[in-house]
file entry23.tsv (TSV, C-alpha atoms)
chain	number	residue	atom	x	y	z
L	1	ALA	CA	17.02	-16.79	37.14
L	2	ILE	CA	20.30	-16.80	35.24
L	3	SER	CA	21.54	-19.80	37.19
L	4	SER	CA	18.60	-21.91	35.98
L	5	ILE	CA	19.81	-21.68	32.38
L	6	THR	CA	22.01	-24.72	31.82
L	7	THR	CA	23.72	-26.27	28.82
L	8	ALA	CA	21.05	-28.98	28.75
L	9	SER	CA	18.20	-26.47	28.79
L	10	ILE	CA	19.78	-24.47	25.96
L	11	LYS	CA	20.22	-27.63	23.87
L	12	THR	CA	16.57	-28.50	24.55
L	13	TYR	CA	15.54	-25.01	23.41
L	14	ILE	CA	17.58	-25.29	20.19
L	15	ALA	CA	16.08	-28.69	19.36
L	16	ALA	CA	12.54	-27.48	20.08
L	17	ARG	CA	13.03	-24.30	18.08
L	18	LEU	CA	14.42	-26.11	15.04
L	19	GLY	CA	11.64	-28.71	15.28
L	20	GLY	CA	8.90	-26.09	15.21
L	21	ASP	CA	7.65	-26.81	18.74
L	22	LEU	CA	8.10	-23.13	19.65
L	23	GLY	CA	6.62	-21.66	16.50
L	24	MET	CA	7.27	-21.71	12.79
L	25	GLY	CA	10.00	-19.88	10.91
L	26	ARG	CA	7.62	-17.46	9.21
L	27	SER	CA	4.50	-15.68	10.36
L	28	THR	CA	1.25	-17.35	9.30
L	29	THR	CA	-0.20	-13.87	8.70
L	30	ALA	CA	0.60	-12.55	5.24
L	31	SER	CA	2.22	-9.16	4.93
L	32	TYR	CA	0.43	-6.23	3.32
L	33	ALA	CA	2.56	-6.56	0.18
L	34	SER	CA	1.68	-10.26	-0.16
L	35	LYS	CA	-2.03	-9.59	0.39
L	36	ASN	CA	-1.96	-6.80	-2.18
L	37	ARG	CA	-0.21	-8.98	-4.78
L	38	GLU	CA	-2.75	-11.76	-4.20
L	39	TYR	CA	-5.63	-9.29	-4.49
L	40	GLN	CA	-4.30	-7.88	-7.77
L	41	ARG	CA	-3.69	-11.37	-9.14
L	42	ASN	CA	-7.18	-12.58	-8.22
L	43	ARG	CA	-8.79	-9.45	-9.67
L	44	THR	CA	-7.01	-10.07	-12.99
L	45	ARG	CA	-8.13	-13.69	-12.99
L	46	ARG	CA	-11.76	-12.73	-12.36
L	47	SER	CA	-11.68	-10.18	-15.18
L	48	ARG	CA	-10.44	-12.91	-17.53
L	49	GLY	CA	-12.97	-15.46	-16.30
L	50	VAL	CA	-10.29	-17.65	-14.73
L	51	PRO	CA	-11.36	-19.47	-11.54
L	52	VAL	CA	-9.71	-18.14	-8.38
L	53	VAL	CA	-8.15	-20.88	-6.28
L	54	PRO	CA	-7.07	-19.97	-2.71
L	55	THR	CA	-3.30	-20.15	-2.30
L	56	PRO	CA	-2.25	-22.23	0.73
L	57	ARG	CA	0.13	-20.48	3.07
L	58	ARG	CA	3.62	-21.92	3.09
L	59	ILE	CA	4.81	-22.82	6.56
L	60	ASP	CA	8.55	-23.30	7.04
L	61	LEU	CA	10.47	-24.58	10.01
L	62	PRO	CA	12.96	-22.13	11.54
L	63	CYS	CA	16.38	-22.38	9.93
L	64	SER	CA	19.57	-22.77	11.93
L	65	GLY	CA	20.60	-19.23	11.02
L	66	SER	CA	17.49	-17.80	12.68
L	67	VAL	CA	18.08	-19.76	15.88
L	68	ARG	CA	21.71	-18.70	15.83
L	69	HIS	CA	20.61	-15.06	15.61
L	70	GLU	CA	18.20	-15.52	18.53
L	71	LEU	CA	20.93	-16.98	20.72
L	72	LYS	CA	23.18	-14.06	19.86
L	73	LEU	CA	20.43	-11.69	21.02
L	74	PHE	CA	20.16	-13.64	24.29
L	75	ARG	CA	23.93	-13.28	24.73
L	76	GLN	CA	23.77	-9.54	24.18
L	77	ALA	CA	20.92	-9.22	26.69
L	78	LEU	CA	22.86	-11.18	29.30
L	79	LYS	CA	26.00	-9.08	28.79
L	80	ALA	CA	23.97	-5.86	28.99
L	81	PHE	CA	22.37	-7.01	32.24
L	82	ALA	CA	25.72	-7.91	33.78
L	83	THR	CA	27.37	-4.62	32.83
L	84	ARG	CA	24.54	-2.25	33.69
L	85	ASP	CA	26.45	-0.82	36.65
L	86	ASP	CA	29.85	-1.30	38.30
L	87	SER	CA	28.56	-3.13	41.36
L	88	ARG	CA	26.73	-5.73	39.28
L	89	ARG	CA	29.73	-6.14	36.99
L	90	GLU	CA	31.98	-6.82	39.97
L	91	ARG	CA	29.46	-9.22	41.49
L	92	ILE	CA	28.53	-11.42	38.50
L	93	GLY	CA	30.83	-10.35	35.67
L	94	ALA	CA	33.21	-13.28	36.06
L	95	TYR	CA	30.29	-15.71	36.29
L	96	VAL	CA	28.63	-14.38	33.13
L	97	ILE	CA	31.82	-14.87	31.10
L	98	THR	CA	31.64	-18.62	31.74
L	99	HIS	CA	27.84	-18.87	31.55
L	100	PRO	CA	26.56	-21.74	29.32
L	101	LEU	CA	24.73	-19.25	27.12
L	102	LEU	CA	28.06	-17.66	26.16
L	103	CYS	CA	30.01	-20.90	25.94
L	104	ILE	CA	27.66	-23.25	24.08
L	105	PRO	CA	28.44	-23.68	20.35
L	106	LEU	CA	25.98	-21.82	18.15
L	107	PRO	CA	24.02	-23.54	15.36
L	108	SER	CA	25.42	-23.21	11.88
L	109	ALA	CA	24.87	-19.96	10.03
L	110	GLY	CA	22.95	-21.74	7.28
L	111	GLU	CA	23.56	-21.99	3.58
L	112	PRO	CA	24.17	-18.67	1.80
L	113	ARG	CA	22.17	-17.76	-1.26
L	114	LYS	CA	23.65	-19.46	-4.30
L	115	ARG	CA	21.45	-18.02	-7.01
L	116	ARG	CA	21.07	-14.49	-8.31
L	117	ILE	CA	18.48	-13.26	-10.76
L	118	ASN	CA	19.91	-13.41	-14.27
L	119	ASP	CA	19.72	-10.74	-16.97
L	120	GLU	CA	16.94	-12.47	-18.89
L	121	GLU	CA	14.73	-12.78	-15.82
L	122	LEU	CA	15.41	-9.16	-14.85
L	123	ALA	CA	14.47	-7.98	-18.34
L	124	LYS	CA	11.17	-9.87	-18.16
L	125	ILE	CA	10.32	-8.36	-14.76
L	126	LEU	CA	11.23	-4.83	-15.81
L	127	GLY	CA	9.13	-5.28	-18.94
L	128	LYS	CA	6.09	-5.90	-16.73
L	129	MET	CA	6.62	-2.73	-14.66
L	130	ALA	CA	4.43	0.09	-15.96
L	131	CYS	CA	6.14	2.92	-14.07
L	132	ALA	CA	9.36	4.08	-15.78
L	133	LYS	CA	10.74	5.64	-12.59
L	134	LYS	CA	10.27	2.42	-10.66
L	135	ARG	CA	12.11	0.55	-13.39
L	136	ALA	CA	14.87	3.13	-13.08
L	137	ALA	CA	14.97	2.72	-9.30
L	138	ILE	CA	15.47	-1.04	-9.65
L	139	LEU	CA	18.28	-0.57	-12.16
L	140	LEU	CA	19.91	2.13	-10.04
L	141	SER	CA	19.89	-0.15	-7.00
L	142	ILE	CA	21.73	-2.76	-9.08
L	143	TYR	CA	24.26	-0.26	-10.43
L	144	THR	CA	25.01	1.24	-6.99
L	145	SER	CA	24.34	-1.73	-4.63
L	146	LEU	CA	22.08	0.53	-2.54
L	147	ARG	CA	19.12	-0.68	-0.52
L	148	ARG	CA	15.63	0.17	-1.74
L	149	ALA	CA	15.09	2.79	1.00
L	150	GLU	CA	18.46	4.35	0.16
L	151	VAL	CA	17.69	4.55	-3.55
L	152	VAL	CA	14.33	6.29	-3.10
L	153	SER	CA	15.90	8.76	-0.66
L	154	LEU	CA	18.38	10.17	-3.22
L	155	ARG	CA	18.02	13.86	-4.10
L	156	CYS	CA	18.83	15.79	-7.26
L	157	GLU	CA	21.02	18.38	-5.51
L	158	ASP	CA	23.24	15.63	-4.08
L	159	ILE	CA	24.46	14.42	-7.47
L	160	ASP	CA	28.03	15.45	-8.28
L	161	TRP	CA	28.01	15.22	-12.07
L	162	SER	CA	31.68	16.11	-12.46
L	163	GLY	CA	32.84	13.82	-9.67
L	164	ARG	CA	30.50	11.01	-10.75
L	165	THR	CA	29.15	10.46	-7.23
L	166	VAL	CA	25.90	10.94	-5.35
L	167	LEU	CA	25.65	11.78	-1.66
L	168	LEU	CA	23.71	9.25	0.38
L	169	ARG	CA	22.33	11.06	3.43
L	170	THR	CA	21.56	9.56	6.81
L	171	PRO	CA	17.78	9.28	7.31
L	172	MET	CA	16.18	11.84	9.62
L	173	GLU	CA	13.60	11.34	12.37
L	174	ALA	CA	11.67	13.53	14.78
L	175	ASP	CA	13.66	14.55	17.85
L	176	PRO	CA	11.65	13.63	20.98
L	177	ASP	CA	13.68	16.08	23.09
L	178	ARG	CA	13.09	19.02	20.73
L	179	PRO	CA	9.50	19.20	19.45
L	180	GLY	CA	9.34	20.23	15.84
L	181	GLN	CA	13.03	19.51	15.25
L	182	MET	CA	14.67	16.67	13.35
L	183	ARG	CA	17.73	14.61	14.11
L	184	LYS	CA	19.70	11.89	12.34
L	185	LYS	CA	18.04	8.53	12.75
L	186	ARG	CA	19.64	6.50	15.52
L	187	LYS	CA	18.77	2.98	14.35
L	188	THR	CA	19.67	2.68	10.69
L	189	LYS	CA	21.99	0.66	8.47
L	190	THR	CA	22.56	3.65	6.21
L	191	VAL	CA	25.96	5.32	6.52
L	192	GLU	CA	26.24	8.80	5.05
L	193	ARG	CA	28.75	8.62	2.22
L	194	ASP	CA	29.51	9.49	-1.39
L	195	VAL	CA	28.40	6.66	-3.66
L	196	PRO	CA	30.42	6.26	-6.87
L	197	LEU	CA	28.40	6.09	-10.07
L	198	VAL	CA	29.28	3.77	-12.92
L	199	PRO	CA	28.62	5.08	-16.48
L	200	GLU	CA	25.30	3.19	-16.66
L	201	ALA	CA	24.13	4.87	-13.44
L	202	MET	CA	25.21	8.30	-14.70
L	203	GLU	CA	23.31	7.82	-17.95
L	204	LEU	CA	20.22	6.66	-16.06
L	205	LEU	CA	20.29	9.61	-13.65
L	206	GLN	CA	20.61	12.07	-16.52
L	207	THR	CA	17.24	10.90	-17.80
L	208	ILE	CA	15.32	10.96	-14.49
L	209	ALA	CA	17.05	13.61	-12.33
L	210	THR	CA	16.07	16.59	-14.48
L	211	ALA	CA	15.29	19.01	-11.64
L	212	SER	CA	17.93	20.97	-9.75
L	213	THR	CA	16.55	20.15	-6.29
L	214	GLY	CA	14.14	17.73	-4.68
L	215	SER	CA	13.76	13.97	-4.49
L	216	ILE	CA	14.56	11.95	-7.57
L	217	PHE	CA	11.80	9.44	-6.85
L	218	ASP	CA	8.31	10.36	-5.68
L	219	PHE	CA	7.38	7.06	-4.00
L	220	LYS	CA	8.28	5.08	-0.89
L	221	GLU	CA	10.32	1.89	-0.69
L	222	ALA	CA	7.19	-0.19	0.09
L	223	SER	CA	5.62	0.94	-3.19
L	224	LEU	CA	8.77	-0.13	-5.05
L	225	THR	CA	8.67	-3.55	-3.40
L	226	GLN	CA	5.01	-4.05	-4.30
L	227	ALA	CA	5.57	-3.01	-7.91
L	228	PHE	CA	8.52	-5.39	-8.27
L	229	GLY	CA	6.53	-8.23	-6.68
L	230	ARG	CA	3.57	-7.70	-9.02
L	231	ALA	CA	5.87	-7.59	-12.04
L	232	ALA	CA	7.64	-10.77	-10.95
L	233	GLU	CA	4.27	-12.52	-10.59
L	234	ALA	CA	3.22	-11.34	-14.04
L	235	ALA	CA	6.53	-12.43	-15.57
L	236	GLY	CA	6.13	-15.91	-14.14
call {"tool": "encode", "arguments": {"input": "entry23.tsv", "output": "structure tokens"}}
result
Amino acid sequence: AISSITTASIKTYIAARLGGDLGMGRSTTASYASKNREYQRNRTRRSRGVPVVPTPRRIDLPCSGSVRHELKLFRQALKAFATRDDSRRERIGAYVITHPLLCIPLPSAGEPRKRRINDEELAKILGKMACAKKRAAILLSIYTSLRRAEVVSLRCEDIDWSGRTVLLRTPMEADPDRPGQMRKKRKTKTVERDVPLVPEAMELLQTIATASTGSIFDFKEASLTQAFGRAAEAAG
């Protein structure tokens, strides 16, 4: 029940979560990309006669930022429950506003990233990528500040060469209410907009966007991530 959640119980949860008593910060099961990189690395070592040593999985404790995010989700769930209908809002709305879950101070947001890959490191990684279009996709994401999925979704017909912009479209998904029809994706961070292109991006697009229509890149974002990860491993 909502009334059983107290300030003391929330503090106990935070301490247990940060201490790892309720699970670690990362999954102990490696992702497909990690497994694939390890497979490729081990195959190269075997071909060179280098002994393959199993890599121990790194287990991290949850950071304060993760626990802060979880508590925010709990707050949203509580507010959604209290405001589901007018009668419930009138009955418990005032109580929910002063509930310990909404009033307790959240853990710190954690330390932001202080280091960014430098030009020398980037050049080494790009030098290990065999696919020229994937190298171009990485550079284009840097020039435009687009996410990997946004970069690989760009189309040739959406480039405005005179205006020096490219249209970033909202991703589409199947419409469950209209079989065979598509609709704009509901849950996405992508906002449809015109993305300005710096001279370096324009020059890069002129070499890879040679067709008048169609996708600029013929691979998915997961493939780009795997290629970058393999190149980073090879570059050391």
call {"tool": "atom_distance", "arguments": {"input": "entry23.tsv", "atom1": "CA of Arg68 (chain L)", "atom2": "CA of Ile117 (chain L)"}}
result
27.3 Å
call {"tool": "atom_distance", "arguments": {"input": "entry23.tsv", "atom1": "CA of Met202 (chain L)", "atom2": "CA of Ser145 (chain L)"}}
result
14.2 Å
call {"tool": "atom_distance", "arguments": {"input": "entry23.tsv", "atom1": "CA of Arg75 (chain L)", "atom2": "CA of Glu173 (chain L)"}}
result
29.4 Å
call {"tool": "residues_around", "arguments": {"input": "entry23.tsv", "residues": "region 208-221 of chain L", "least_positions_apart": "2", "cutoff": "9 Å", "atoms": "all atoms listed in the file", "output": "list in words"}}
result
Lys133, Lys134, Ala136, Ala137, Arg148, Ala149, Glu150, Val151, Val152, Ser153, Leu154, Arg155, Cys156, Glu157, Asp158, Ile159, Leu204, Leu205, Gln206, Ser223, Leu224, Thr225 and Gln226 of chain L
call {"tool": "residues_around", "arguments": {"input": "entry23.tsv", "residues": "region 186-199 of chain L", "least_positions_apart": "6", "cutoff": "8 Å", "atoms": "all atoms listed in the file", "output": "PyMOL selection string"}}
result
chain L and resi 143-144+150+164-171
call {"tool": "residues_around", "arguments": {"input": "entry23.tsv", "residues": "Arg135 (chain L)", "least_positions_apart": "5", "cutoff": "10 Å", "atoms": "all atoms listed in the file", "output": "list in words"}}
result
Ile125, Leu126, Gly127, Lys128, Met129, Ala130, Leu140, Leu224, Ala227 and Phe228 of chain L
call {"tool": "closest_residue", "arguments": {"input": "entry23.tsv", "among": "L:Gly19, L:Arg115, L:Glu233, L:Lys79", "to": "Ala94 (chain L)", "atoms": "all atoms listed in the file"}}
result
L:Lys79
call {"tool": "closest_residue", "arguments": {"input": "entry23.tsv", "among": "L:Gly23, L:Ile14, L:Arg178, L:Ile142", "to": "Asn118 (chain L)", "atoms": "all atoms listed in the file"}}
result
L:Ile142
call {"tool": "closest_residue", "arguments": {"input": "entry23.tsv", "among": "L:Cys131, L:Met172, L:Ala80, L:Leu71", "to": "Ile104 (chain L)", "atoms": "all atoms listed in the file"}}
result
L:Leu71
call {"tool": "closest_residue", "arguments": {"input": "entry23.tsv", "among": "L:Leu61, L:Leu139, L:Ala222, L:Ile10", "to": "Leu101 (chain L)", "atoms": "all atoms listed in the file"}}
result
L:Ile10
call {"tool": "residues_near_point", "arguments": {"input": "entry23.tsv", "point": "(18.3, -26.6, 18.7)", "cutoff": "12 Å", "atoms": "all atoms listed in the file", "output": "compact mmCIF listing (two decimals) with C-alpha atoms, in the coordinates of the input"}}
result
# COMPACT_ATOMS: atom_id res chain seq x y z
CA THR L 7 23.72 -26.27 28.82
CA ALA L 8 21.05 -28.98 28.75
CA SER L 9 18.20 -26.47 28.79
CA ILE L 10 19.78 -24.47 25.96
CA LYS L 11 20.22 -27.63 23.87
CA THR L 12 16.57 -28.50 24.55
CA TYR L 13 15.54 -25.01 23.41
CA ILE L 14 17.58 -25.29 20.19
CA ALA L 15 16.08 -28.69 19.36
CA ALA L 16 12.54 -27.48 20.08
CA ARG L 17 13.03 -24.30 18.08
CA LEU L 18 14.42 -26.11 15.04
CA GLY L 19 11.64 -28.71 15.28
CA GLY L 20 8.90 -26.09 15.21
CA ASP L 21 7.65 -26.81 18.74
CA LEU L 22 8.10 -23.13 19.65
CA LEU L 61 10.47 -24.58 10.01
CA PRO L 62 12.96 -22.13 11.54
CA CYS L 63 16.38 -22.38 9.93
CA SER L 64 19.57 -22.77 11.93
CA GLY L 65 20.60 -19.23 11.02
CA SER L 66 17.49 -17.80 12.68
CA VAL L 67 18.08 -19.76 15.88
CA ARG L 68 21.71 -18.70 15.83
CA GLU L 70 18.20 -15.52 18.53
CA LEU L 71 20.93 -16.98 20.72
CA ILE L 104 27.66 -23.25 24.08
CA PRO L 105 28.44 -23.68 20.35
CA LEU L 106 25.98 -21.82 18.15
CA PRO L 107 24.02 -23.54 15.36
CA SER L 108 25.42 -23.21 11.88
call {"tool": "residues_around", "arguments": {"input": "entry23.tsv", "residues": "Leu78 (chain L)", "least_positions_apart": "5", "cutoff": "10 Å", "atoms": "all atoms listed in the file", "output": "NGL selection string"}}
result
:L and (2 or 72-73 or 83 or 96-97 or 99 or 101-102)
call {"tool": "closest_residue", "arguments": {"input": "entry23.tsv", "among": "L:Arg41, L:Glu111, L:Val50, L:Ala1", "to": "Ala232 (chain L)", "atoms": "all atoms listed in the file"}}
result
L:Arg41
call {"tool": "build_atoms", "arguments": {"input": "entry23.tsv", "residues": "region 61-86 of chain L", "atoms": "N, CA, C and O atoms", "output": "compact mmCIF listing (two decimals), in the frame of the given file"}}
result
# COMPACT_ATOMS: atom_id res chain seq x y z
N LEU L 61 9.83 -24.44 8.71
CA LEU L 61 10.47 -24.58 10.01
C LEU L 61 11.56 -23.53 10.15
O LEU L 61 12.14 -23.10 9.15
N PRO L 62 11.87 -23.11 11.36
CA PRO L 62 12.96 -22.13 11.54
C PRO L 62 14.28 -22.72 11.05
O PRO L 62 14.57 -23.90 11.26
N CYS L 63 15.07 -21.92 10.40
CA CYS L 63 16.38 -22.38 9.93
C CYS L 63 17.41 -22.18 11.05
O CYS L 63 17.18 -21.44 12.01
N SER L 64 18.53 -22.85 10.90
CA SER L 64 19.57 -22.77 11.93
C SER L 64 20.12 -21.36 12.06
O SER L 64 20.50 -20.92 13.15
N GLY L 65 20.12 -20.60 10.96
CA GLY L 65 20.60 -19.23 11.02
C GLY L 65 19.73 -18.35 11.89
O GLY L 65 20.22 -17.48 12.61
N SER L 66 18.41 -18.58 11.85
CA SER L 66 17.49 -17.80 12.68
C SER L 66 17.70 -18.09 14.16
O SER L 66 17.71 -17.18 14.99
N VAL L 67 17.86 -19.38 14.48
CA VAL L 67 18.08 -19.76 15.88
C VAL L 67 19.43 -19.24 16.36
O VAL L 67 19.57 -18.80 17.51
N ARG L 68 20.40 -19.25 15.50
CA ARG L 68 21.71 -18.70 15.83
C ARG L 68 21.59 -17.21 16.17
O ARG L 68 22.18 -16.73 17.15
N HIS L 69 20.80 -16.49 15.36
CA HIS L 69 20.61 -15.06 15.61
C HIS L 69 19.90 -14.83 16.94
O HIS L 69 20.25 -13.91 17.69
N GLU L 70 18.91 -15.66 17.26
CA GLU L 70 18.20 -15.52 18.53
C GLU L 70 19.14 -15.72 19.73
O GLU L 70 19.09 -14.97 20.70
N LEU L 71 19.99 -16.73 19.63
CA LEU L 71 20.93 -16.98 20.72
C LEU L 71 21.92 -15.83 20.88
O LEU L 71 22.31 -15.48 21.99
N LYS L 72 22.30 -15.23 19.77
CA LYS L 72 23.18 -14.06 19.86
C LYS L 72 22.49 -12.90 20.58
O LYS L 72 23.12 -12.17 21.36
N LEU L 73 21.19 -12.73 20.33
CA LEU L 73 20.43 -11.69 21.02
C LEU L 73 20.36 -11.99 22.52
O LEU L 73 20.47 -11.08 23.35
N PHE L 74 20.18 -13.26 22.88
CA PHE L 74 20.16 -13.64 24.29
C PHE L 74 21.51 -13.32 24.93
O PHE L 74 21.58 -12.85 26.08
N ARG L 75 22.59 -13.59 24.21
CA ARG L 75 23.93 -13.28 24.73
C ARG L 75 24.10 -11.79 24.97
O ARG L 75 24.62 -11.37 26.01
N GLN L 76 23.65 -10.99 24.02
CA GLN L 76 23.77 -9.54 24.18
C GLN L 76 22.96 -9.05 25.37
O GLN L 76 23.41 -8.17 26.11
N ALA L 77 21.76 -9.63 25.56
CA ALA L 77 20.92 -9.22 26.69
C ALA L 77 21.59 -9.59 28.02
O ALA L 77 21.56 -8.80 28.98
N LEU L 78 22.19 -10.76 28.07
CA LEU L 78 22.86 -11.18 29.30
C LEU L 78 24.06 -10.28 29.61
O LEU L 78 24.27 -9.87 30.76
N LYS L 79 24.85 -9.96 28.59
CA LYS L 79 26.00 -9.08 28.79
C LYS L 79 25.55 -7.69 29.23
O LYS L 79 26.16 -7.07 30.10
N ALA L 80 24.47 -7.18 28.61
CA ALA L 80 23.97 -5.86 28.99
C ALA L 80 23.48 -5.85 30.43
O ALA L 80 23.69 -4.88 31.16
N PHE L 81 22.84 -6.92 30.86
CA PHE L 81 22.37 -7.01 32.24
C PHE L 81 23.53 -7.02 33.22
O PHE L 81 23.50 -6.37 34.27
N ALA L 82 24.59 -7.77 32.87
CA ALA L 82 25.72 -7.91 33.78
C ALA L 82 26.57 -6.65 33.87
O ALA L 82 27.26 -6.44 34.86
N THR L 83 26.51 -5.82 32.85
CA THR L 83 27.37 -4.62 32.83
C THR L 83 26.58 -3.33 33.00
O THR L 83 27.07 -2.26 32.66
N ARG L 84 25.37 -3.44 33.54
CA ARG L 84 24.54 -2.25 33.69
C ARG L 84 25.16 -1.25 34.65
O ARG L 84 25.10 -0.04 34.43
N ASP L 85 25.78 -1.72 35.72
CA ASP L 85 26.45 -0.82 36.65
C ASP L 85 27.69 -1.52 37.20
O ASP L 85 27.85 -2.75 37.06
N ASP L 86 28.57 -0.76 37.83
CA ASP L 86 29.85 -1.30 38.30
C ASP L 86 29.66 -2.36 39.37
O ASP L 86 30.38 -3.37 39.38
